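Shown here: my_file_28.cif, mmCIF, C-alpha atoms and all ligand atoms.
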data_coords
#
loop_
_atom_site.label_atom_id
_atom_site.label_comp_id
_atom_site.auth_asym_id
_atom_site.auth_seq_id
_atom_site.Cartn_x
_atom_site.Cartn_y
_atom_site.Cartn_z
CA MET A 1 -0.42 -28.18 47.57
CA SER A 2 -0.47 -28.67 43.85
CA THR A 3 2.82 -26.92 43.30
CA TYR A 4 6.42 -27.85 43.86
CA GLY A 5 8.25 -25.67 46.27
CA SER A 6 7.43 -22.04 45.63
CA PHE A 7 6.57 -22.39 41.92
CA PRO A 8 4.83 -20.85 40.16
CA GLY A 9 5.69 -17.75 42.12
CA SER A 10 4.16 -15.53 39.50
CA ARG A 11 0.90 -16.11 37.64
CA PRO A 12 0.61 -14.16 34.37
CA ARG A 13 -2.49 -16.21 33.58
CA ARG A 14 -4.49 -14.08 36.07
CA LEU A 15 -4.66 -11.38 33.44
CA ARG A 16 -6.08 -13.80 30.87
CA THR A 17 -8.97 -15.19 32.89
CA SER A 18 -11.92 -13.61 31.06
CA PRO A 19 -12.68 -11.75 27.84
CA ALA A 20 -13.24 -8.60 29.90
CA MET A 21 -9.86 -8.96 31.60
CA ARG A 22 -8.08 -9.64 28.32
CA ARG A 23 -9.78 -6.69 26.71
CA MET A 24 -8.75 -4.42 29.55
CA VAL A 25 -5.08 -5.31 29.36
CA ALA A 26 -4.78 -5.46 25.56
CA GLU A 27 -1.87 -3.29 24.44
CA THR A 28 -2.82 -3.10 20.80
CA ARG A 29 -6.18 -2.00 19.49
CA LEU A 30 -7.12 -1.69 15.88
CA HIS A 31 -9.18 1.33 14.95
CA PRO A 32 -10.95 1.96 11.62
CA ALA A 33 -8.87 5.11 11.20
CA ASP A 34 -5.71 2.97 11.11
CA LEU A 35 -6.86 1.49 7.84
CA ILE A 36 -6.35 2.51 4.23
CA LEU A 37 -8.07 0.71 1.37
CA PRO A 38 -6.04 0.01 -1.78
CA ALA A 39 -8.37 -0.08 -4.82
CA PHE A 40 -8.02 -0.80 -8.53
CA VAL A 41 -9.87 1.02 -11.27
CA ARG A 42 -9.77 -0.22 -14.83
CA GLU A 43 -10.38 1.78 -17.95
CA GLY A 44 -12.99 0.77 -20.49
CA ILE A 45 -15.05 -1.74 -18.52
CA SER A 46 -18.76 -1.52 -17.73
CA GLU A 47 -18.84 -4.17 -14.99
CA PRO A 48 -16.30 -4.77 -12.22
CA VAL A 49 -13.87 -7.58 -13.06
CA PRO A 50 -13.08 -10.05 -10.25
CA ILE A 51 -9.40 -10.76 -9.60
CA ASP A 52 -9.00 -14.56 -9.48
CA ALA A 53 -6.10 -14.62 -7.08
CA MET A 54 -7.75 -12.12 -4.72
CA PRO A 55 -11.25 -13.45 -4.00
CA GLY A 56 -13.48 -10.53 -3.01
CA VAL A 57 -11.32 -7.88 -4.72
CA VAL A 58 -12.21 -6.46 -8.13
CA GLN A 59 -10.97 -4.13 -10.78
CA HIS A 60 -13.52 -1.37 -10.39
CA THR A 61 -15.37 0.58 -13.01
CA ARG A 62 -15.36 4.33 -12.44
CA ASP A 63 -18.81 4.02 -10.89
CA THR A 64 -18.15 1.10 -8.57
CA LEU A 65 -14.93 2.76 -7.42
CA LYS A 66 -16.89 5.78 -6.27
CA LYS A 67 -19.23 3.49 -4.36
CA ALA A 68 -16.31 1.65 -2.78
CA ALA A 69 -14.82 4.96 -1.66
CA VAL A 70 -18.08 6.04 -0.04
CA GLU A 71 -18.46 2.67 1.68
CA ALA A 72 -14.93 2.91 3.04
CA LEU A 73 -15.63 6.40 4.32
CA GLU A 74 -18.87 5.32 5.96
CA ALA A 75 -17.10 2.42 7.65
CA GLY A 76 -14.58 4.84 9.16
CA VAL A 77 -11.58 3.94 7.00
CA SER A 78 -9.25 6.93 6.80
CA GLY A 79 -7.91 6.70 3.26
CA ILE A 80 -8.03 5.08 -0.14
CA MET A 81 -5.00 4.31 -2.32
CA LEU A 82 -5.83 4.22 -6.01
CA PHE A 83 -4.21 2.14 -8.73
CA GLY A 84 -5.20 2.76 -12.35
CA VAL A 85 -5.30 0.02 -14.98
CA PRO A 86 -5.26 1.55 -18.47
CA GLU A 87 -6.46 -0.15 -21.62
CA GLU A 88 -3.77 -2.47 -22.96
CA ALA A 89 -3.45 -0.43 -26.17
CA LYS A 90 -2.57 2.68 -24.16
CA LYS A 91 0.50 1.16 -22.54
CA ASP A 92 3.81 2.25 -24.02
CA ALA A 93 7.51 2.36 -23.20
CA LEU A 94 7.28 5.67 -21.33
CA GLY A 95 4.01 4.98 -19.53
CA THR A 96 2.42 8.10 -21.00
CA ALA A 97 -1.01 7.14 -19.65
CA GLY A 98 0.47 7.93 -16.24
CA THR A 99 0.98 11.58 -17.08
CA ASP A 100 -2.08 12.07 -19.30
CA PRO A 101 -4.59 14.22 -17.39
CA ASP A 102 -7.24 11.95 -18.91
CA GLY A 103 -5.39 8.75 -17.95
CA ILE A 104 -7.52 6.38 -15.91
CA LEU A 105 -5.82 7.10 -12.58
CA GLN A 106 -6.26 10.86 -12.96
CA VAL A 107 -9.89 10.46 -14.02
CA ALA A 108 -10.50 8.22 -11.01
CA LEU A 109 -8.82 10.69 -8.65
CA ARG A 110 -11.17 13.43 -9.85
CA ASP A 111 -14.17 11.10 -9.55
CA VAL A 112 -13.34 10.05 -6.03
CA ARG A 113 -12.49 13.56 -4.83
CA ALA A 114 -15.82 14.80 -6.22
CA GLU A 115 -17.52 12.08 -4.20
CA VAL A 116 -15.69 12.26 -0.85
CA GLY A 117 -14.21 15.76 -0.83
CA ASP A 118 -11.75 16.01 2.05
CA ASP A 119 -13.52 13.47 4.27
CA LEU A 120 -11.51 10.52 3.03
CA VAL A 121 -7.78 10.90 2.35
CA VAL A 122 -7.32 10.21 -1.35
CA MET A 123 -3.97 8.71 -2.30
CA SER A 124 -2.46 7.68 -5.61
CA ASP A 125 0.15 5.10 -6.50
CA LEU A 126 2.98 6.98 -8.14
CA CYS A 127 4.72 4.44 -10.31
CA LEU A 128 5.07 3.55 -13.97
CA ASP A 129 4.48 -0.21 -13.89
CA GLU A 130 0.75 0.03 -14.47
CA THR A 131 1.21 2.10 -17.61
CA THR A 132 4.35 0.74 -19.29
CA ASP A 133 4.18 -1.99 -21.93
CA HIS A 134 7.31 -3.66 -20.46
CA GLY A 135 5.83 -3.56 -16.96
CA HIS A 136 8.82 -2.01 -15.18
CA CYS A 137 8.43 0.75 -12.63
CA GLY A 138 10.60 3.07 -14.68
CA VAL A 139 11.70 3.84 -18.21
CA LEU A 140 14.41 1.73 -19.83
CA ASP A 141 17.73 2.78 -21.31
CA ASP A 142 18.97 1.50 -24.66
CA ARG A 143 20.30 -1.65 -23.02
CA GLY A 144 16.96 -2.44 -21.40
CA ARG A 145 17.94 -1.42 -17.86
CA VAL A 146 15.70 0.72 -15.69
CA ASP A 147 17.10 4.22 -16.03
CA ASN A 148 16.94 5.85 -12.61
CA ASP A 149 17.31 9.51 -13.52
CA ALA A 150 15.18 9.42 -16.65
CA THR A 151 12.49 7.79 -14.51
CA LEU A 152 12.69 10.59 -11.95
CA GLU A 153 11.64 13.05 -14.63
CA ARG A 154 8.58 10.94 -15.35
CA TYR A 155 7.79 10.74 -11.63
CA ALA A 156 8.02 14.52 -11.26
CA GLU A 157 5.48 14.93 -14.01
CA MET A 158 3.23 12.23 -12.54
CA ALA A 159 3.29 13.93 -9.15
CA GLN A 160 2.03 17.16 -10.65
CA VAL A 161 -0.65 15.49 -12.74
CA GLN A 162 -1.92 13.40 -9.83
CA ALA A 163 -1.97 16.41 -7.52
CA ASP A 164 -3.80 18.43 -10.18
CA ALA A 165 -6.36 15.63 -10.33
CA GLY A 166 -6.96 15.87 -6.60
CA ALA A 167 -4.63 13.47 -4.78
CA HIS A 168 -4.16 14.51 -1.14
CA VAL A 169 -1.20 12.13 -0.89
CA VAL A 170 1.05 10.60 -3.52
CA GLY A 171 2.66 7.23 -2.88
CA PRO A 172 5.87 6.72 -4.87
CA SER A 173 6.35 2.93 -5.05
CA GLY A 174 9.09 2.58 -7.66
CA MET A 175 12.17 2.55 -5.39
CA MET A 176 14.18 4.89 -7.62
CA ASP A 177 17.01 6.73 -5.88
CA GLY A 178 16.10 10.36 -5.24
CA GLN A 179 12.41 9.90 -5.99
CA ILE A 180 11.11 11.56 -2.83
CA GLY A 181 13.20 14.71 -3.29
CA VAL A 182 12.31 15.10 -6.93
CA ILE A 183 8.62 14.58 -6.25
CA ARG A 184 8.62 17.02 -3.31
CA ASP A 185 10.25 19.66 -5.50
CA ALA A 186 7.83 19.02 -8.36
CA LEU A 187 4.86 19.39 -6.02
CA ASP A 188 6.22 22.56 -4.43
CA GLN A 189 7.03 24.16 -7.74
CA THR A 190 3.52 23.58 -9.05
CA GLY A 191 1.60 25.01 -6.11
CA HIS A 192 0.98 21.66 -4.40
CA GLU A 193 2.84 22.38 -1.15
CA ASP A 194 -0.04 20.77 0.76
CA VAL A 195 0.08 17.46 -1.04
CA ALA A 196 1.81 14.91 1.18
CA VAL A 197 4.26 12.20 0.19
CA LEU A 198 3.85 8.69 1.55
CA ALA A 199 7.21 7.16 0.71
CA TYR A 200 7.48 3.46 0.03
CA THR A 201 10.69 3.48 2.02
CA ALA A 202 11.48 -0.18 2.45
CA LYS A 203 9.93 -2.01 -0.44
CA TYR A 204 11.18 -5.52 -0.90
CA SER A 205 11.38 -7.56 -4.06
CA SER A 206 8.72 -10.06 -3.04
CA ALA A 207 7.04 -13.14 -4.44
CA PHE A 208 3.95 -12.07 -2.51
CA TYR A 209 3.14 -9.37 -5.10
CA GLY A 210 2.01 -12.13 -7.48
CA PRO A 211 -1.75 -11.53 -7.30
CA PHE A 212 -1.26 -7.75 -7.68
CA ARG A 213 0.37 -8.28 -11.04
CA GLU A 214 -2.88 -9.92 -12.16
CA ALA A 215 -4.85 -7.10 -10.58
CA VAL A 216 -3.12 -4.46 -12.69
CA GLY A 217 -2.68 -6.65 -15.77
CA SER A 218 1.08 -6.24 -15.49
CA SER A 219 3.13 -7.17 -18.55
CA LEU A 220 6.34 -7.60 -16.54
CA LYS A 221 8.72 -10.32 -17.61
CA GLY A 222 11.68 -10.79 -15.35
CA ASP A 223 11.87 -9.14 -11.94
CA ARG A 224 12.43 -5.88 -10.09
CA LYS A 225 15.55 -6.90 -8.21
CA THR A 226 17.68 -4.00 -9.44
CA TYR A 227 15.44 -1.50 -7.68
CA GLN A 228 13.42 -3.26 -4.97
CA GLN A 229 15.26 -4.42 -1.87
CA ASP A 230 16.68 -7.88 -1.28
CA PRO A 231 14.62 -9.81 1.32
CA ALA A 232 17.89 -10.79 2.99
CA ASN A 233 18.63 -7.22 4.04
CA SER A 234 17.54 -5.18 7.02
CA ARG A 235 20.16 -2.46 7.50
CA GLU A 236 19.63 -0.95 4.09
CA SER A 237 16.05 -0.13 5.10
CA LEU A 238 17.49 2.35 7.58
CA ARG A 239 19.57 3.90 4.83
CA GLU A 240 16.51 4.22 2.61
CA LEU A 241 14.65 5.66 5.58
CA ALA A 242 17.27 8.32 6.28
CA LEU A 243 17.28 9.35 2.63
CA ASP A 244 13.49 9.52 2.36
CA LEU A 245 13.22 11.67 5.47
CA GLU A 246 16.00 13.96 4.31
CA GLU A 247 14.27 14.29 0.93
CA GLY A 248 10.98 15.28 2.58
CA ALA A 249 8.83 12.19 3.13
CA ASP A 250 5.80 12.99 5.30
CA MET A 251 5.05 9.35 6.05
CA VAL A 252 7.03 6.20 5.42
CA MET A 253 5.96 2.72 4.49
CA VAL A 254 7.23 -0.83 4.75
CA LYS A 255 6.04 -3.37 2.21
CA PRO A 256 5.13 -6.24 2.35
CA ALA A 257 4.00 -6.23 5.98
CA GLY A 258 3.67 -9.76 7.39
CA PRO A 259 7.03 -11.23 6.35
CA TYR A 260 8.78 -7.93 7.25
CA LEU A 261 7.52 -7.14 10.75
CA ASP A 262 11.10 -6.82 11.98
CA ILE A 263 11.56 -4.00 9.47
CA VAL A 264 8.30 -2.34 10.55
CA ALA A 265 9.52 -2.44 14.16
CA LYS A 266 12.95 -1.12 13.28
CA VAL A 267 11.62 1.72 11.16
CA ALA A 268 9.06 2.63 13.83
CA ASP A 269 11.88 2.88 16.38
CA HIS A 270 13.80 5.34 14.25
CA VAL A 271 11.26 7.91 13.11
CA ASP A 272 9.10 10.77 14.21
CA VAL A 273 6.74 10.51 11.25
CA PRO A 274 3.79 8.12 10.81
CA VAL A 275 4.73 4.60 9.76
CA ALA A 276 2.56 2.66 7.35
CA ALA A 277 2.73 -1.00 6.39
CA TYR A 278 1.16 -2.55 3.31
CA GLN A 279 -0.47 -5.93 3.75
CA ILE A 280 -0.10 -6.92 0.14
CA SER A 281 -1.98 -9.04 -2.34
CA GLY A 282 -0.16 -12.30 -1.55
CA GLU A 283 -0.76 -11.90 2.17
CA TYR A 284 -4.44 -11.40 1.38
CA ALA A 285 -4.56 -14.35 -1.02
CA MET A 286 -2.94 -16.76 1.42
CA ILE A 287 -5.50 -16.17 4.13
CA GLU A 288 -8.45 -16.22 1.72
CA ALA A 289 -7.24 -19.41 0.06
CA ALA A 290 -6.60 -21.27 3.31
CA ALA A 291 -9.97 -20.12 4.65
CA GLN A 292 -11.76 -21.27 1.49
CA ARG A 293 -10.42 -24.74 2.15
CA GLY A 294 -11.52 -24.62 5.74
CA TRP A 295 -7.94 -24.71 6.95
CA ILE A 296 -8.07 -21.57 9.06
CA ASP A 297 -10.71 -19.31 10.60
CA ARG A 298 -10.80 -16.46 8.10
CA ASP A 299 -12.04 -13.63 10.32
CA LYS A 300 -9.76 -14.47 13.21
CA ALA A 301 -6.76 -14.83 10.92
CA ILE A 302 -7.46 -11.44 9.35
CA MET A 303 -7.71 -9.71 12.73
CA GLU A 304 -4.60 -11.44 14.01
CA SER A 305 -2.60 -10.50 10.93
CA LEU A 306 -3.60 -6.84 11.29
CA THR A 307 -3.03 -6.79 15.05
CA GLY A 308 0.46 -8.17 14.46
CA ILE A 309 1.27 -5.40 11.99
CA LYS A 310 0.06 -2.73 14.39
CA ARG A 311 1.83 -4.33 17.35
CA ALA A 312 5.07 -4.25 15.36
CA GLY A 313 4.77 -0.46 15.22
CA ALA A 314 2.72 0.51 12.19
CA ASN A 315 0.34 3.44 12.69
CA LEU A 316 -1.37 2.88 9.35
CA ILE A 317 -2.14 -0.31 7.51
CA LEU A 318 -3.00 -0.63 3.86
CA THR A 319 -5.19 -3.70 3.55
CA TYR A 320 -7.68 -5.01 1.02
CA TRP A 321 -9.91 -5.90 3.98
CA ALA A 322 -10.04 -2.29 5.21
CA THR A 323 -13.76 -1.66 4.76
CA GLU A 324 -14.84 -5.05 6.03
CA VAL A 325 -12.62 -4.89 9.10
CA ALA A 326 -13.54 -1.27 9.86
CA ARG A 327 -17.20 -2.31 9.94
CA GLN A 328 -16.45 -5.03 12.45
CA LEU A 329 -14.44 -2.82 14.79
C1 LIG B 1 4.07 -0.95 -7.89
C2 LIG B 1 3.30 -1.61 -6.82
C3 LIG B 1 3.21 -2.97 -6.56
C4 LIG B 1 2.34 -3.11 -5.49
C5 LIG B 1 1.93 -1.85 -5.11
N1 LIG B 1 2.56 -0.92 -5.94
C6 LIG B 1 3.73 -4.13 -7.27
C7 LIG B 1 5.15 -4.33 -7.49
O1 LIG B 1 6.01 -3.63 -6.99
O2 LIG B 1 5.43 -5.28 -8.22
C8 LIG B 1 1.95 -4.41 -4.87
C9 LIG B 1 0.75 -4.39 -4.01
C10 LIG B 1 0.23 -5.73 -3.68
O3 LIG B 1 0.85 -6.76 -4.00
O4 LIG B 1 -0.83 -5.78 -3.05
N2 LIG B 1 3.29 0.05 -8.52
#
Take the structure in this file and express it as structure tokens.
Amino acid sequence: MSTYGSFPGSRPRRLRTSPAMRRMVAETRLHPADLILPAFVREGISEPVPIDAMPGVVQHTRDTLKKAAVEALEAGVSGIMLFGVPEEAKKDALGTAGTDPDGILQVALRDVRAEVGDDLVVMSDLCLDETTDHGHCGVLDDRGRVDNDATLERYAEMAQVQADAGAHVVGPSGMMDGQIGVIRDALDQTGHEDVAVLAYTAKYSSAFYGPFREAVGSSLKGDRKTYQQDPANSRESLRELALDLEEGADMVMVKPAGPYLDIVAKVADHVDVPVAAYQISGEYAMIEAAAQRGWIDRDKAIMESLTGIKRAGANLILTYWATEVARQL
């Protein structure tokens, strides 16, 4: 007898004996349709521009964006989330490029819809930070503070313009109070009842957005702590959740994903709508950087990070690896 007394009385290892056994009992499976590809399109460039802090991710030209959308579709990815990067000279205090029908995001929405029709769900970031010269997600009052209600008026207009341009889903990411309700009303009043709202419900003020700010050429000085949530808090995510659902959110999102899996799990426990999680730029950069140095196995780390997000309760995952991972699955 190699055991002491009656131990081990139970042998969980039996279910881990072979790849086939482990595969059979796996509780969490990633599927290409779980994945949404976030993509950047920049105005006025003729070649894609690599993003230093996100190796493998680029600011697309209009043409390469269309190609990326088709590749995502062919790989089985279910959606694409578009971020527009206007020419520097077009940024202003009100972010007018965000409501210009010929602004880069609107142009890109039309391009991508013409390419993929209804086969890929086309989503747009609904926020002002990419188009304002101060880099905040809203407009400022005369003391330089982000003015919640004045911003809502801008968001209402953006929702209409993005829907006109062909967005199937708008993704308000600015964390203004009342944004979901105002956007839902704006869409309904302009004949866009079918356009869905993916609410960034629990969006934390995170250091992991760093590489994204390079990706969109953000001019932000300072931080977003008066509107994005404090990483120390969990309960307030449920308050934001209740408000977003009451205001008409069709889907809700937690962001970032990896450092906030407890929030993903909590939100998933409380809702009857799809839950998304956004594996953000810093999460991407950390794995790529460590892998470049040979410190971790890149592909395994990517799969594990995504499996963890799904296991926590997310139905949908926004990830910059969407197309690559979908091909592998
Ligand atoms: C705001 C927005 C941000 C991201 C998505 N939408 C940046 C921010 O809030 O500062 C971050 C995404 C990422 O880091 O990958 N429009």
Quiz item: Which chains and residue numbers are within 10 Å of ligand LIG 1 (chain B), counting all atoms listed in the file, if I want them as a ChimeraX atom specification?
Solution: /A:38-39,54,81-84,124-131,135-137,171-175,200,203-216,218,220,223-224,227-228,255-256,278-285,318-320
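The spacing separating CA of Ala326 (chain A) from CA of Ala301 (chain A) amounts to 15.2 Å.
Between CA of Asp100 (chain A) and CA of Gly166 (chain A) there is a distance of 14.1 Å.
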Quiz item: How many Å separate CA of Asp194 (chain A) from CA of His168 (chain A)?
Solution: 7.7 Å
What residues have an atom no more than 10 Å from (-11.7, 12.5, -3.3) in the file's own frame, counting all atoms listed in the file, and can you write them as an mmCIF file with C-alpha atoms, keeping the file's coordinate frame?
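Result saved to out.cif:
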data_model
loop_
_atom_site.group_PDB
_atom_site.id
_atom_site.type_symbol
_atom_site.label_atom_id
_atom_site.label_comp_id
_atom_site.auth_asym_id
_atom_site.auth_seq_id
_atom_site.Cartn_x
_atom_site.Cartn_y
_atom_site.Cartn_z
ATOM 1 C CA LYS A 66 -16.890 5.780 -6.270
ATOM 2 C CA ALA A 69 -14.820 4.960 -1.660
ATOM 3 C CA VAL A 70 -18.080 6.040 -0.040
ATOM 4 C CA GLY A 79 -7.910 6.700 3.260
ATOM 5 C CA ILE A 80 -8.030 5.080 -0.140
ATOM 6 C CA ALA A 108 -10.500 8.220 -11.010
ATOM 7 C CA LEU A 109 -8.820 10.690 -8.650
ATOM 8 C CA ARG A 110 -11.170 13.430 -9.850
ATOM 9 C CA ASP A 111 -14.170 11.100 -9.550
ATOM 10 C CA VAL A 112 -13.340 10.050 -6.030
ATOM 11 C CA ARG A 113 -12.490 13.560 -4.830
ATOM 12 C CA ALA A 114 -15.820 14.800 -6.220
ATOM 13 C CA GLU A 115 -17.520 12.080 -4.200
ATOM 14 C CA VAL A 116 -15.690 12.260 -0.850
ATOM 15 C CA GLY A 117 -14.210 15.760 -0.830
ATOM 16 C CA ASP A 118 -11.750 16.010 2.050
ATOM 17 C CA ASP A 119 -13.520 13.470 4.270
ATOM 18 C CA LEU A 120 -11.510 10.520 3.030
ATOM 19 C CA VAL A 121 -7.780 10.900 2.350
ATOM 20 C CA VAL A 122 -7.320 10.210 -1.350
ATOM 21 C CA MET A 123 -3.970 8.710 -2.300
ATOM 22 C CA ALA A 165 -6.360 15.630 -10.330
ATOM 23 C CA GLY A 166 -6.960 15.870 -6.600
ATOM 24 C CA ALA A 167 -4.630 13.470 -4.780
ATOM 25 C CA HIS A 168 -4.160 14.510 -1.140
#
Do you have, as a tab-separated table, the list of residues of region 218-316 of chain A lying at most 9 Å from region 184-187 of chain A, each with its nearest atom pair and that distance in Å to one decimal, counting only C-alpha atoms and ordered by chain then number?
residue	atom	partner	partner_atom	distance
A:Glu247	CA	A:Arg184	CA	7.6
A:Gly248	CA	A:Arg184	CA	6.6
A:Ala249	CA	A:Arg184	CA	8.1
Local residues around (0.1, 9.4, -17.2), at most 10 Å away, using all atoms listed in the file, as a PDB file with C-alpha atoms, in the frame of the given file:
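Saved result, point-v1.pdb, follows:
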ATOM      1  CA  GLY A  84      -5.200   2.760 -12.350  1.00  0.00           C
ATOM      2  CA  PRO A  86      -5.260   1.550 -18.470  1.00  0.00           C
ATOM      3  CA  LYS A  91       0.500   1.160 -22.540  1.00  0.00           C
ATOM      4  CA  LEU A  94       7.280   5.670 -21.330  1.00  0.00           C
ATOM      5  CA  GLY A  95       4.010   4.980 -19.530  1.00  0.00           C
ATOM      6  CA  THR A  96       2.420   8.100 -21.000  1.00  0.00           C
ATOM      7  CA  ALA A  97      -1.010   7.140 -19.650  1.00  0.00           C
ATOM      8  CA  GLY A  98       0.470   7.930 -16.240  1.00  0.00           C
ATOM      9  CA  THR A  99       0.980  11.580 -17.080  1.00  0.00           C
ATOM     10  CA  ASP A 100      -2.080  12.070 -19.300  1.00  0.00           C
ATOM     11  CA  PRO A 101      -4.590  14.220 -17.390  1.00  0.00           C
ATOM     12  CA  ASP A 102      -7.240  11.950 -18.910  1.00  0.00           C
ATOM     13  CA  GLY A 103      -5.390   8.750 -17.950  1.00  0.00           C
ATOM     14  CA  ILE A 104      -7.520   6.380 -15.910  1.00  0.00           C
ATOM     15  CA  LEU A 105      -5.820   7.100 -12.580  1.00  0.00           C
ATOM     16  CA  GLN A 106      -6.260  10.860 -12.960  1.00  0.00           C
ATOM     17  CA  LEU A 126       2.980   6.980  -8.140  1.00  0.00           C
ATOM     18  CA  CYS A 127       4.720   4.440 -10.310  1.00  0.00           C
ATOM     19  CA  LEU A 128       5.070   3.550 -13.970  1.00  0.00           C
ATOM     20  CA  GLU A 130       0.750   0.030 -14.470  1.00  0.00           C
ATOM     21  CA  THR A 131       1.210   2.100 -17.610  1.00  0.00           C
ATOM     22  CA  THR A 132       4.350   0.740 -19.290  1.00  0.00           C
ATOM     23  CA  ARG A 154       8.580  10.940 -15.350  1.00  0.00           C
ATOM     24  CA  TYR A 155       7.790  10.740 -11.630  1.00  0.00           C
ATOM     25  CA  GLU A 157       5.480  14.930 -14.010  1.00  0.00           C
ATOM     26  CA  MET A 158       3.230  12.230 -12.540  1.00  0.00           C
ATOM     27  CA  ALA A 159       3.290  13.930  -9.150  1.00  0.00           C
ATOM     28  CA  VAL A 161      -0.650  15.490 -12.740  1.00  0.00           C
ATOM     29  CA  GLN A 162      -1.920  13.400  -9.830  1.00  0.00           C
TER      30      GLN A 162
END
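Between Val252 (chain A) and the residues A:Ala20, A:Ala150, A:Ile51, A:Val197, the shortest atom-to-atom distance, using only C-alpha atoms, involves A:Val197.
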Completed region 146-162 of chain A (N, CA and C atoms) as a PDB file, in the frame of the given file:
ATOM      1  N   VAL A 146      16.538  -0.368 -16.183  1.00  0.00           N
ATOM      2  CA  VAL A 146      15.700   0.720 -15.690  1.00  0.00           C
ATOM      3  C   VAL A 146      16.586   1.925 -15.396  1.00  0.00           C
ATOM      4  N   ASP A 147      16.291   3.009 -16.087  1.00  0.00           N
ATOM      5  CA  ASP A 147      17.100   4.220 -16.030  1.00  0.00           C
ATOM      6  C   ASP A 147      16.600   5.116 -14.892  1.00  0.00           C
ATOM      7  N   ASN A 148      17.373   5.149 -13.817  1.00  0.00           N
ATOM      8  CA  ASN A 148      16.940   5.850 -12.610  1.00  0.00           C
ATOM      9  C   ASN A 148      16.562   7.317 -12.874  1.00  0.00           C
ATOM     10  N   ASP A 149      17.507   8.065 -13.451  1.00  0.00           N
ATOM     11  CA  ASP A 149      17.310   9.510 -13.520  1.00  0.00           C
ATOM     12  C   ASP A 149      16.278   9.924 -14.570  1.00  0.00           C
ATOM     13  N   ALA A 150      16.221   9.139 -15.649  1.00  0.00           N
ATOM     14  CA  ALA A 150      15.180   9.420 -16.650  1.00  0.00           C
ATOM     15  C   ALA A 150      13.807   9.121 -16.036  1.00  0.00           C
ATOM     16  N   THR A 151      13.753   8.126 -15.184  1.00  0.00           N
ATOM     17  CA  THR A 151      12.490   7.790 -14.510  1.00  0.00           C
ATOM     18  C   THR A 151      12.058   8.900 -13.564  1.00  0.00           C
ATOM     19  N   LEU A 152      13.030   9.518 -12.890  1.00  0.00           N
ATOM     20  CA  LEU A 152      12.690  10.590 -11.950  1.00  0.00           C
ATOM     21  C   LEU A 152      11.940  11.724 -12.659  1.00  0.00           C
ATOM     22  N   GLU A 153      12.350  11.996 -13.895  1.00  0.00           N
ATOM     23  CA  GLU A 153      11.640  13.050 -14.630  1.00  0.00           C
ATOM     24  C   GLU A 153      10.185  12.683 -14.884  1.00  0.00           C
ATOM     25  N   ARG A 154       9.963  11.400 -15.156  1.00  0.00           N
ATOM     26  CA  ARG A 154       8.580  10.940 -15.350  1.00  0.00           C
ATOM     27  C   ARG A 154       7.805  11.045 -14.030  1.00  0.00           C
ATOM     28  N   TYR A 155       8.467  10.683 -12.934  1.00  0.00           N
ATOM     29  CA  TYR A 155       7.790  10.740 -11.630  1.00  0.00           C
ATOM     30  C   TYR A 155       7.414  12.185 -11.262  1.00  0.00           C
ATOM     31  N   ALA A 156       8.295  13.115 -11.578  1.00  0.00           N
ATOM     32  CA  ALA A 156       8.020  14.520 -11.260  1.00  0.00           C
ATOM     33  C   ALA A 156       6.746  14.970 -11.973  1.00  0.00           C
ATOM     34  N   GLU A 157       6.659  14.568 -13.224  1.00  0.00           N
ATOM     35  CA  GLU A 157       5.480  14.930 -14.010  1.00  0.00           C
ATOM     36  C   GLU A 157       4.220  14.237 -13.469  1.00  0.00           C
ATOM     37  N   MET A 158       4.378  12.968 -13.099  1.00  0.00           N
ATOM     38  CA  MET A 158       3.230  12.230 -12.540  1.00  0.00           C
ATOM     39  C   MET A 158       2.733  12.885 -11.254  1.00  0.00           C
ATOM     40  N   ALA A 159       3.666  13.329 -10.433  1.00  0.00           N
ATOM     41  CA  ALA A 159       3.290  13.930  -9.150  1.00  0.00           C
ATOM     42  C   ALA A 159       2.396  15.145  -9.400  1.00  0.00           C
ATOM     43  N   GLN A 160       2.809  15.966 -10.350  1.00  0.00           N
ATOM     44  CA  GLN A 160       2.030  17.160 -10.650  1.00  0.00           C
ATOM     45  C   GLN A 160       0.641  16.804 -11.184  1.00  0.00           C
ATOM     46  N   VAL A 161       0.616  15.865 -12.108  1.00  0.00           N
ATOM     47  CA  VAL A 161      -0.650  15.490 -12.740  1.00  0.00           C
ATOM     48  C   VAL A 161      -1.607  14.857 -11.720  1.00  0.00           C
ATOM     49  N   GLN A 162      -1.067  14.033 -10.853  1.00  0.00           N
ATOM     50  CA  GLN A 162      -1.920  13.400  -9.830  1.00  0.00           C
ATOM     51  C   GLN A 162      -2.422  14.434  -8.817  1.00  0.00           C
TER      52      GLN A 162
END
